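One structure is given here, and the rest of the page talks about it.
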Amino acid sequence: MNMASIDVLVFIFTVICVCAEDLQNVFVRVQCKEMVGQYGQQSLLECVVLTTHGVADAEIGTVSWRKEGVEKPLLVFTKGEITIQQPGYKFAEPSWNNKNMNVSLLITNTAMTNAGVYTCLVITNSGDDESRIQLNVIARYSEPIIRSIPEKITGNADAALICDSLGGYPEGEIQWIVEGNKEWTKSSEMKVEQAQSGLFRLTSKLTLLRGSIFSKYTCVVFNASGGKEAEAIYTVEDIPEPEELGGRKGMESASKIVAPVVVIGSVLIGLMIVLLVLYRLRSQRDRQEVFNCDPDAEDGMDTA
């Protein structure tokens with residue numbers, strides 16, 4: 001037998017082995033669903049084993065759950081028992097056994113570190129398969145808290161409102177709403193901080209200018225998807241009425257007008273007095289010149 005014949009036989013044997021393996025695997029499929037977990041709650045990674053081609057009484061020999069980036073398996077069942085089980089992970093069904101095709105994984109207390117890609121490997125007496133599943137973790141923001149600087153806002157001076165909301169994920173945003181359901185976010189500044197837990201803290205500072213302060217402000221927290229999660233309302237007590245603010249502004253405007261008028265009037269009066277004095281001095285000088293030129297006129301005046 002020459003080398004060409006040997007190569008052909010090896011190729012045929014390889015094809016037969018691969019086809020046999022594929023034929024075996026086609027009897028079993030692991031089907032999983034993409035999931036979203038809630039921070040601080042249980043999360044279910046749902047996976048089931050599906051059999052085809054009339055396979056009956058299938059038995060599971062091995063189940064292995066792993067997470068990308070984690071060296072050790074999270075949960076392993078083999079040889080009729082659970083051999084590896086990391087804290088916080090277990091089968092979703094408490095009475096699970098090797099004839100149960102529901103191999104879903106339950107995370108008992110979801111943290112941000114649980115987010116990622118998981119792999120479920122199943123080996124049965126009718127074949128084996130594995131599937132990958134993505135777990136996304138979200139966290140709801142807390143009820144916002146509003147504080148003011150200064151502690152009491154009167155409307156007669158500049159002030160600020162600060163709104164805080166904690167413990168959310170992914171990064172959200174804060175908007176301000178004033179009377180008439182009008183958005184007032186453009187006058188604010190937002191700061192975002194991320195804690196070691198991975199959760200975000202949102203802080204928004206809204207500047208209030210004297211004379212343009214509303215009686216009610218609403219701080220609204222939105223998640224990353226644009227959904228409203230929580231809100232808080234701040235009410236300004238004893239705010240001056242618009243007419244009061246208008247009257248004060250009118251008085252200020254009147255004062256600005258009256259002051260220049262008083263100054264101009266004073267100058268005019270002073271000029272009039274100076275002109276009057278000059279006029280009288282000139283009249284007296286003219287009369288003196290007449291007397292000096294006509295002595296008879298002076299005698300006549302004396303006789304008279």
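Numbering starts fresh at 1 for the residues of each chain in the structure tokens, the chains themselves are lettered A, B, ... in the order given, and ligands are numbered from 1 as they appear.
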As a PDB file with N, CA and C atoms, in the first residue's frame, please: the residues near segment 83-86 of chain A (cut-off 10 Å, only C-alpha atoms, same-chain neighbours under 3 positions excluded).
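Dumped to around13.pdb:
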ATOM      1  N   SER A  64     -21.683  22.046  33.850  1.00  0.00           N
ATOM      2  CA  SER A  64     -20.629  22.940  34.314  1.00  0.00           C
ATOM      3  C   SER A  64     -20.987  24.372  33.947  1.00  0.00           C
ATOM      4  N   TRP A  65     -21.051  25.235  34.960  1.00  0.00           N
ATOM      5  CA  TRP A  65     -21.299  26.671  34.767  1.00  0.00           C
ATOM      6  C   TRP A  65     -20.009  27.432  35.036  1.00  0.00           C
ATOM      7  N   LYS A  72     -12.025  29.669  38.262  1.00  0.00           N
ATOM      8  CA  LYS A  72     -12.678  28.464  38.776  1.00  0.00           C
ATOM      9  C   LYS A  72     -14.128  28.376  38.301  1.00  0.00           C
ATOM     10  N   PRO A  73     -14.638  27.159  38.092  1.00  0.00           N
ATOM     11  CA  PRO A  73     -16.056  26.994  37.758  1.00  0.00           C
ATOM     12  C   PRO A  73     -16.939  27.477  38.913  1.00  0.00           C
ATOM     13  N   LEU A  74     -18.144  27.917  38.563  1.00  0.00           N
ATOM     14  CA  LEU A  74     -19.081  28.394  39.575  1.00  0.00           C
ATOM     15  C   LEU A  74     -19.901  27.251  40.168  1.00  0.00           C
ATOM     16  N   LEU A  75     -20.302  26.320  39.298  1.00  0.00           N
ATOM     17  CA  LEU A  75     -21.157  25.213  39.721  1.00  0.00           C
ATOM     18  C   LEU A  75     -20.900  24.019  38.803  1.00  0.00           C
ATOM     19  N   VAL A  76     -20.603  22.861  39.402  1.00  0.00           N
ATOM     20  CA  VAL A  76     -20.330  21.659  38.622  1.00  0.00           C
ATOM     21  C   VAL A  76     -21.081  20.476  39.219  1.00  0.00           C
ATOM     22  N   PHE A  77     -21.806  19.762  38.342  1.00  0.00           N
ATOM     23  CA  PHE A  77     -22.447  18.502  38.706  1.00  0.00           C
ATOM     24  C   PHE A  77     -21.829  17.404  37.850  1.00  0.00           C
ATOM     25  N   THR A  78     -21.332  16.347  38.483  1.00  0.00           N
ATOM     26  CA  THR A  78     -20.761  15.222  37.760  1.00  0.00           C
ATOM     27  C   THR A  78     -20.770  13.982  38.649  1.00  0.00           C
ATOM     28  N   LYS A  79     -20.878  12.832  38.007  1.00  0.00           N
ATOM     29  CA  LYS A  79     -20.896  11.550  38.710  1.00  0.00           C
ATOM     30  C   LYS A  79     -21.989  11.495  39.770  1.00  0.00           C
ATOM     31  N   GLY A  80     -23.133  12.101  39.434  1.00  0.00           N
ATOM     32  CA  GLY A  80     -24.294  11.979  40.302  1.00  0.00           C
ATOM     33  C   GLY A  80     -24.350  12.929  41.482  1.00  0.00           C
ATOM     34  N   TYR A  89     -24.166  30.842  44.243  1.00  0.00           N
ATOM     35  CA  TYR A  89     -24.623  30.193  43.014  1.00  0.00           C
ATOM     36  C   TYR A  89     -25.236  28.830  43.345  1.00  0.00           C
ATOM     37  N   LYS A  90     -26.314  28.491  42.647  1.00  0.00           N
ATOM     38  CA  LYS A  90     -26.937  27.174  42.816  1.00  0.00           C
ATOM     39  C   LYS A  90     -27.886  26.911  41.650  1.00  0.00           C
ATOM     40  N   PHE A  91     -28.330  25.648  41.528  1.00  0.00           N
ATOM     41  CA  PHE A  91     -29.338  25.347  40.517  1.00  0.00           C
ATOM     42  C   PHE A  91     -30.640  26.037  40.880  1.00  0.00           C
TER      43      PHE A  91
END
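Distances from A:Gly61, A:Gly155, A:Gly88, A:Gly270 to Ser215 of chain A were compared using only C-alpha atoms, and the smallest one belongs to A:Gly155.
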Counting only C-alpha atoms, which residues of segment 159-181 of chain A fall within 10 Å of segment 186-189 of chain A, and what is the closest atom pair for each with its distance in Å at one decimal, ordered by chain and rising number, as a Markdown table?
| residue | atom | partner | partner_atom | distance |
| --- | --- | --- | --- | --- |
| A:Ala160 | CA | A:Ser188 | CA | 9.4 |
| A:Leu161 | CA | A:Ser188 | CA | 9.1 |
| A:Ile162 | CA | A:Ser188 | CA | 9.3 |
| A:Ile174 | CA | A:Ser188 | CA | 9.4 |
| A:Gln175 | CA | A:Ser188 | CA | 8.6 |
| A:Trp176 | CA | A:Ser188 | CA | 8.0 |
| request: Within 6 Å of Gln38 of chain A, counting only C-alpha atoms, which residues show up once you throw out same-chain ones fewer than 6 positions away? Write them as a PyMOL selection string, please. | output: chain A and resi 137-139
Write the residues of the selection above to a file with N, CA, C and O atoms, as a short mmCIF file (atom, residue, chain, number, x, y, z; two decimals), in the first residue's frame.
data_model
loop_
_atom_site.label_atom_id
_atom_site.label_comp_id
_atom_site.auth_asym_id
_atom_site.auth_seq_id
_atom_site.Cartn_x
_atom_site.Cartn_y
_atom_site.Cartn_z
N VAL A 137 -26.57 43.76 34.41
CA VAL A 137 -27.05 44.12 35.76
C VAL A 137 -27.40 45.60 35.79
O VAL A 137 -26.62 46.44 35.34
N ILE A 138 -28.56 45.90 36.34
CA ILE A 138 -28.99 47.28 36.51
C ILE A 138 -29.29 47.53 37.99
O ILE A 138 -29.51 46.58 38.75
N ALA A 139 -29.29 48.80 38.38
CA ALA A 139 -29.61 49.17 39.76
C ALA A 139 -30.49 50.41 39.73
O ALA A 139 -30.22 51.35 38.97
#
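Interatomic distance, atom CA of Leu202 of chain A to atom CA of Ser142 of chain A: 10.1 Å.
With distances restricted to only C-alpha atoms, A:Val236 is the closest residue to Glu151 of chain A from A:Ala111, A:Val236, A:Glu34, A:Glu46.
The list of residues with at least one atom within 10 Å of Leu44 of chain A, based on only C-alpha atoms and without residues fewer than 2 positions apart in the same chain, reads Lys33, Glu34, Met35, Val36, Gly37, Gln42, Glu46, Cys47, Phe91, Ala92, Ser104, Leu105, Leu106, Ile107, Thr108, Thr110 and Leu135 of chain A.
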| Residue with smallest distance to Arg29 of chain A - pool A:Glu130, A:Thr113, A:Asn98, A:Cys120, counting only C-alpha atoms | A:Glu130
| query | Among segment 156-222 of chain A, which ones does DSSP place in strand (DSSP E or B), written as a PyMOL selection string? | reply | chain A and resi 159-169+173-178+182-183+188-194+200-208+216-222
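Counting only C-alpha atoms, Ile123 of chain A has the following residues at most 10 Å away, ignoring those fewer than 2 positions along the same chain: A:Asn25, A:Val28, A:Val30, A:Val49, A:Glu59, A:Ile60, A:Gly61, A:Thr62, A:Val63, A:Ser64, A:Thr78, A:Leu121, A:Asn125, A:Ser126, A:Gly127, A:Asp128, A:Asp129, A:Glu130.
Coordinates place atom CA of Cys219 of chain A at a distance of 9.4 Å from atom CA of Thr185 of chain A.
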| field | Coordinates-based distance that separates atom CA of Ala195 of chain A from atom CA of Ile133 of chain A (Å, one decimal) | value | 26.9 Å
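Here the alpha helix (DSSP H) residues in segment 1-225 of chain A, by DSSP on the backbone, are A:Met3, A:Ala4, A:Ser5, A:Ile6, A:Asp7, A:Val8, A:Leu9, A:Val10, A:Phe11, A:Ile12, A:Phe13, A:Thr14, A:Val15, A:Ile16, A:Cys17, A:Val18, A:Cys19, A:Ala20, A:Glu21, A:Asp22, A:Leu23, A:Gln24, A:Asn25.
Once Lys228 of chain A and its same-chain neighbours fewer than 3 positions away are set aside, Arg140, Tyr141, Ser142, Glu143, Gly172, Glu173, Ile174, Gln175, Cys219, Val220, Val221, Phe222, Asn223, Ala224, Ser225, Glu231 and Ala232 of chain A remain within 12 Å of it when counting only C-alpha atoms.
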With N, CA and C atoms retained, export the selected residues as a compact mmCIF listing (two decimals), in the first residue's frame.
# COMPACT_ATOMS: atom_id res chain seq x y z
N ARG A 140 -31.51 50.41 40.54
CA ARG A 140 -32.45 51.53 40.58
C ARG A 140 -31.92 52.63 41.50
N TYR A 141 -32.05 53.88 41.05
CA TYR A 141 -31.59 55.01 41.85
C TYR A 141 -32.52 55.26 43.04
N SER A 142 -31.94 55.75 44.11
CA SER A 142 -32.70 56.04 45.32
C SER A 142 -33.58 57.28 45.14
N GLU A 143 -34.52 57.45 46.06
CA GLU A 143 -35.34 58.67 46.06
C GLU A 143 -34.41 59.87 46.27
N GLY A 172 -27.15 57.58 35.00
CA GLY A 172 -28.38 58.27 34.62
C GLY A 172 -28.19 59.77 34.58
N GLU A 173 -29.28 60.50 34.74
CA GLU A 173 -29.20 61.96 34.73
C GLU A 173 -30.31 62.56 35.58
N ILE A 174 -30.12 63.83 35.95
CA ILE A 174 -31.10 64.58 36.75
C ILE A 174 -31.61 65.76 35.93
N GLN A 175 -32.91 65.95 35.95
CA GLN A 175 -33.53 67.11 35.31
C GLN A 175 -34.32 67.90 36.35
N CYS A 219 -37.04 67.82 41.30
CA CYS A 219 -35.83 67.13 40.85
C CYS A 219 -36.24 65.73 40.39
N VAL A 220 -35.99 65.42 39.11
CA VAL A 220 -36.41 64.14 38.52
C VAL A 220 -35.18 63.35 38.10
N VAL A 221 -35.14 62.06 38.51
CA VAL A 221 -34.02 61.17 38.18
C VAL A 221 -34.45 60.23 37.06
N PHE A 222 -33.62 60.18 36.00
CA PHE A 222 -33.87 59.30 34.86
C PHE A 222 -32.74 58.27 34.75
N ASN A 223 -33.10 57.04 34.37
CA ASN A 223 -32.08 56.02 34.16
C ASN A 223 -31.45 56.15 32.78
N ALA A 224 -30.52 55.24 32.47
CA ALA A 224 -29.78 55.33 31.21
C ALA A 224 -30.67 55.15 30.00
N SER A 225 -31.82 54.50 30.18
CA SER A 225 -32.74 54.29 29.06
C SER A 225 -33.72 55.44 28.89
N GLU A 231 -38.48 61.07 41.96
CA GLU A 231 -38.48 62.53 41.96
C GLU A 231 -38.70 63.06 43.37
N ALA A 232 -38.32 64.31 43.58
CA ALA A 232 -38.53 65.00 44.85
C ALA A 232 -38.92 66.44 44.55
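Among the candidate residues A:Phe27, A:Trp96, A:Phe200, A:Phe214, the one lying nearest to Ser165 of chain A is A:Phe200, with distances computed using only C-alpha atoms.
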| said: Give me the residues near Met101 of chain A as a PyMOL selection string, where near means some atom within 7 Å (using only C-alpha atoms) and where sequence neighbours in that chain fewer than 2 positions away do not count. | reply: chain A and resi 48-49+99+103
